[in-house]
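Q: Before anything else, here's the structure in question.
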Protein chains: 2
Amino acid sequence: MIYLDNAATTMKKPDCVVEAVARALTTMGNASRGAHSGSLAASRVDLACRQKAARLFGCWRPDHVCFASNSTEALNIALMGILNEGDHAISTDLEHNSVLRPLYRLQAERGLQVDFVPADRLGMIDYDDFERLIKPNTRLIVANHASNVTGNLVDVARIGKIAHEHDLIFVVDASQTAGCVPIDMQAMGIDVLCFTGHKGLYGPQGTGGLCVGKGVEIRPWKVGGTGVQSYSKAQPADYPTRLEAGTLNSHGLAGLSAAFDFVEDIGVTAISHHERILMQRFYEGVHNVDGVKVYGDITLEDGRERTAIVSINIRDYDSGAVSDALAEGYGIATRPGAHCAPRMHQALGTVDQGVVRFSFSYFNTAAEVDAAIAAVREIAG
Amino acid sequence: MIYLDNAATTMKKPDCVVEAVARALTTMGNASRGAHSGSLAASRVDLACRQKAARLFGCWRPDHVCFASNSTEALNIALMGILNEGDHAISTDLEHNSVLRPLYRLQAERGLQVDFVPADRLGMIDYDDFERLIKPNTRLIVANHASNVTGNLVDVARIGKIAHEHDLIFVVDASQTAGCVPIDMQAMGIDVLCFTGHKGLYGPQGTGGLCVGKGVEIRPWKVGGTGVQSYSKAQPADYPTRLEAGTLNSHGLAGLSAAFDFVEDIGVTAISHHERILMQRFYEGVHNVDGVKVYGDITLEDGRERTAIVSINIRDYDSGAVSDALAEGYGIATRPGAHCAPRMHQALGTVDQGVVRFSFSYFNTAAEVDAAIAAVREIAG
């Protein structure tokens, strides 16, 4: 199989990740639950993983890296744990349901007011809209760092500046960028960074978390055993325990920790460069093919950063049918449909057709890209 | 290391579990996110895992097995998703903070009324107390299947009968019993069974879930991407999607699925029998040692089921100091302190001292038990 669905999950993981998880499964106790070597081994892995995440993302303290099972959980924790009755929040049309559904839920259950910065037909936003939408009760801005449909980046540093000029909390969904786009929470003015381990970081599924900036108060999400302060009726107040309960996925975190090493060793910029070359090769091979339409703003000449996604349609063919043809006829894995991003498809005008998303990883090759180009040409021909 | 902290997490996992996770890390896409072979491989593993869980626990439908990252999350989902303003719930002094803290939180935030069936100095409860505590607004009983401090089982079938006579929802915390004590939700009258993968099931950390009985309505917990019904503003209503959002931990679930095979192949009864022999050997080796006090009701003669836990103290020594001495002087891993079960320690009278918990797994040996006995005798001597 030629796997080009890396924006859903990177299927090929570095050997060091597989080895770390396998080793953890035979040597690890329960983190923070005792002081014997098995428990300490798990605690040390978790701590190292927090340190690496803090370093990669520019989080001010490793103990403010709180683990969650995926970025969806991290975003639920952040949004449900910050927003109150009567608050107003600003988001964008680029968001994934992992942001939209918590916001809609808060609208229904806590009377949250929400406005969305609209995306144009290319899926791009106008940054002045943030200023325009701010109200006296605006408390938070939540935005995607990159669209999972088009791969276009959002200038989070620019939004961070606006947010802080107005004393707003700025939450970023880095699901598509962690590991393959440089992130610096402090330089970019990000208050809460939500990330997943199994995409651009090349770690296991079931890992991810949120990095909490200085002074950001988030109410506990799940509550329960913490291994500390067991006689307190409430979840402990200190991060990361405040947002973690029950046994951590330390087996997965051992893999994520190795994945951070992998990313750090190669370098985010080098990973991004490799992926971009593949993305660009694919784009150049398909965008002039008769019947092929490419979505989003693919301006490559000015060196503008984007993630390694090219989403297309072929004529008026249903995206699911094209994706199936690619899988069955050519052994090429892509992702059709709505990609859990309904507002973005409304903006792109692709609600009915969906789009066929090709997304590239560090482990893909030029030969795989060429096979995908040939397949697209054949289906379009 | 002689690892006798299996009630916290089983450190030694079957080879098939390690192999399944390692294989998944190189072959799996994102479950329910596309129709290519990588995604389907993950979906199939998840489905097989639901089927095996349903079979082992007597859940009426595999699609009512909803995955969570641990039993703490499963219990939060069940309790927060069922109980409403003004409800009354009944629980017991045997509970772990994974039950207690959600209940205390509901007391504070939703005005939940809670009563606890008291435990006596042996950590045992009187089942008539459940009937006595039922009020007109009682909606739910939540009880541990086995104490994580003493290993004593709770007769959940008996509580299930009481619950159903009064139209109450019965939630069971099977953290200590899933995999090593027979469970049949339907025969035992259990409405929601919360389990973890990394203890008696010998699966990876980061896995577990809740099995939802017929007609039980649980509100969504985290909401977000589901890969289906992407244009719906609300989380889909059907189980298991209702209670799952974002990418599942399919790498971990591949391990859990293999773990279910392991448990099914050997058999819960055979696993329990092996563990019981070790537990009994340890008990017989230490309970008459001068200065050793054993906690809980260890009645072994009548064949009564219990889990493979023996909790002790030595003289008035701090349990943490004894556990450290065992770890450092003898390479024996145990768990001291409060075990996240504050009400149980209040009942046992061990709030200050804690207890030293020895817990045995299928992979422990008689020789390891004998080494632990010798160590206890030496420390007590």
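Simple scheme: letters A, B, ... for chains in structure tokens order, numbers from 1 for residues in each chain, numbers from 1 for ligands in the order shown.
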Between region 326-376 of chain B and region 35-52 of chain A, at 10 Å or less, what are the per-residue closest atom pairs and their distances in Å? Count only C-alpha atoms, order by chain and rising residue number, and return it as a tab-separated table.

A:
residue	atom	partner	partner_atom	distance
B:Leu326	CA	A:His36	CA	8.8
B:Ala327	CA	A:His36	CA	5.6
B:Glu328	CA	A:His36	CA	8.0
B:Gly331	CA	A:His36	CA	8.2
B:Ile332	CA	A:His36	CA	7.8
B:Ala333	CA	A:His36	CA	5.4
B:Thr334	CA	A:His36	CA	7.3
B:Arg335	CA	A:Ala35	CA	7.9
B:Pro336	CA	A:Ala35	CA	8.8

Q: May I have the selected residues written with C-alpha atoms, as a CSV table (one decimal), in the first residue's frame?

A:
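The new file part_38.csv reads:
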chain,number,residue,atom,x,y,z
B,326,LEU,CA,11.3,-4.3,50.3
B,327,ALA,CA,12.2,-2.5,47.0
B,328,GLU,CA,15.7,-1.5,48.0
B,331,GLY,CA,14.1,-6.0,44.9
B,332,ILE,CA,10.5,-6.6,45.7
B,333,ALA,CA,7.9,-4.2,44.3
B,334,THR,CA,4.8,-3.5,46.4
B,335,ARG,CA,2.5,-0.6,46.9
B,336,PRO,CA,2.3,1.3,50.2

Q: Among region 252-330 of chain A, which residues does DSSP mark as strand (DSSP E) when it is run on the backbone? Keep the chain and numbering as in the structure and answer as a ChimeraX atom specification.

A: /A:292-294,309-314

Q: Compile the contact shell of Glu19 (chain A) as a list of chain:residue names: residues with an atom at most 8 Å away, counting only C-alpha atoms, same-chain residues fewer than 4 positions apart removed.

A: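 Final neighbour list, sorted by chain and number: A:Asp15, A:Arg23, A:Gly255, B:Ala22.
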
Q: Can you write out the residues you just picked, keeping N, CA and C atoms, as a JSON list (two decimals), in the first residue's frame?

A:
[["chain", "number", "residue", "atom", "x", "y", "z"],
["A", 15, "ASP", "N", 11.39, 3.24, 13.84],
["A", 15, "ASP", "CA", 11.71, 2.01, 14.59],
["A", 15, "ASP", "C", 11.86, 2.28, 16.07],
["A", 23, "ARG", "N", 9.44, -2.23, 24.58],
["A", 23, "ARG", "CA", 10.24, -2.32, 25.80],
["A", 23, "ARG", "C", 9.40, -1.91, 27.01],
["A", 255, "GLY", "N", 6.51, 5.54, 23.68],
["A", 255, "GLY", "CA", 6.63, 5.70, 22.22],
["A", 255, "GLY", "C", 6.66, 7.16, 21.83],
["B", 22, "ALA", "N", 3.25, -3.98, 18.60],
["B", 22, "ALA", "CA", 4.36, -3.67, 17.69],
["B", 22, "ALA", "C", 3.90, -3.78, 16.24]]

Q: I need the helix (DSSP H, G or I) residues of region 278-338 of chain A per DSSP on the backbone, written as JSON, numbers by chain.

A: {"A": [278, 279, 280, 281, 282, 283, 284, 285, 286, 319, 320, 321, 322, 323, 324, 325, 326, 327, 328, 329, 330]}

Q: Name all residues at most 9 Å from region 283-286 of chain B (count only C-alpha atoms; drop same-chain ones fewer than 5 positions away) and give them as number ranges by chain.

A: B: 278, 292-294, 298, 310, 312, 369-370, 373-374, 376-377

Q: Limited to N, CA and C atoms, could you put the picked residues into a file as a compact mmCIF listing (two decimals), in the first residue's frame?

A:
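Dumped everything to selection-v5.txt:
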# COMPACT_ATOMS: atom_id res chain seq x y z
N LEU B 278 -0.91 -18.50 44.79
CA LEU B 278 0.21 -17.64 45.20
C LEU B 278 -0.18 -16.77 46.38
N VAL B 292 3.19 -8.91 62.33
CA VAL B 292 2.52 -8.72 61.03
C VAL B 292 1.01 -8.72 61.23
N LYS B 293 0.36 -7.71 60.67
CA LYS B 293 -1.10 -7.66 60.71
C LYS B 293 -1.60 -7.67 59.27
N VAL B 294 -2.56 -8.56 59.00
CA VAL B 294 -3.15 -8.65 57.66
C VAL B 294 -4.51 -7.98 57.68
N ILE B 298 -9.75 -12.44 55.14
CA ILE B 298 -9.13 -13.51 54.34
C ILE B 298 -9.66 -14.85 54.82
N VAL B 310 -2.85 -9.36 49.21
CA VAL B 310 -2.69 -9.45 50.67
C VAL B 310 -2.05 -8.15 51.12
N ILE B 312 -0.74 -5.81 54.24
CA ILE B 312 -0.26 -6.02 55.61
C ILE B 312 0.39 -4.74 56.15
N VAL B 369 7.08 -15.70 45.63
CA VAL B 369 6.30 -15.57 46.86
C VAL B 369 7.16 -15.92 48.07
N ASP B 370 7.92 -16.98 47.97
CA ASP B 370 8.76 -17.40 49.10
C ASP B 370 9.81 -16.33 49.43
N ILE B 373 7.98 -13.72 51.35
CA ILE B 373 7.73 -14.16 52.73
C ILE B 373 9.00 -13.99 53.58
N ALA B 374 10.10 -14.44 53.02
CA ALA B 374 11.37 -14.35 53.75
C ALA B 374 11.72 -12.89 54.06
N VAL B 376 9.58 -10.33 54.39
CA VAL B 376 8.68 -9.82 55.43
C VAL B 376 9.15 -10.31 56.80
N ARG B 377 9.49 -11.58 56.89
CA ARG B 377 9.94 -12.13 58.17
C ARG B 377 11.19 -11.41 58.67

Q: Quick one: which residues from chain A are at most 6 Å off chain B, using only C-alpha atoms, as a ChimeraX atom specification?

A: /A:9,11-12,18,22,26,28-30,34,36,72,97-98,101-102,205-206,223-225,230-231,233,246,249,251,327,333,335,340,342
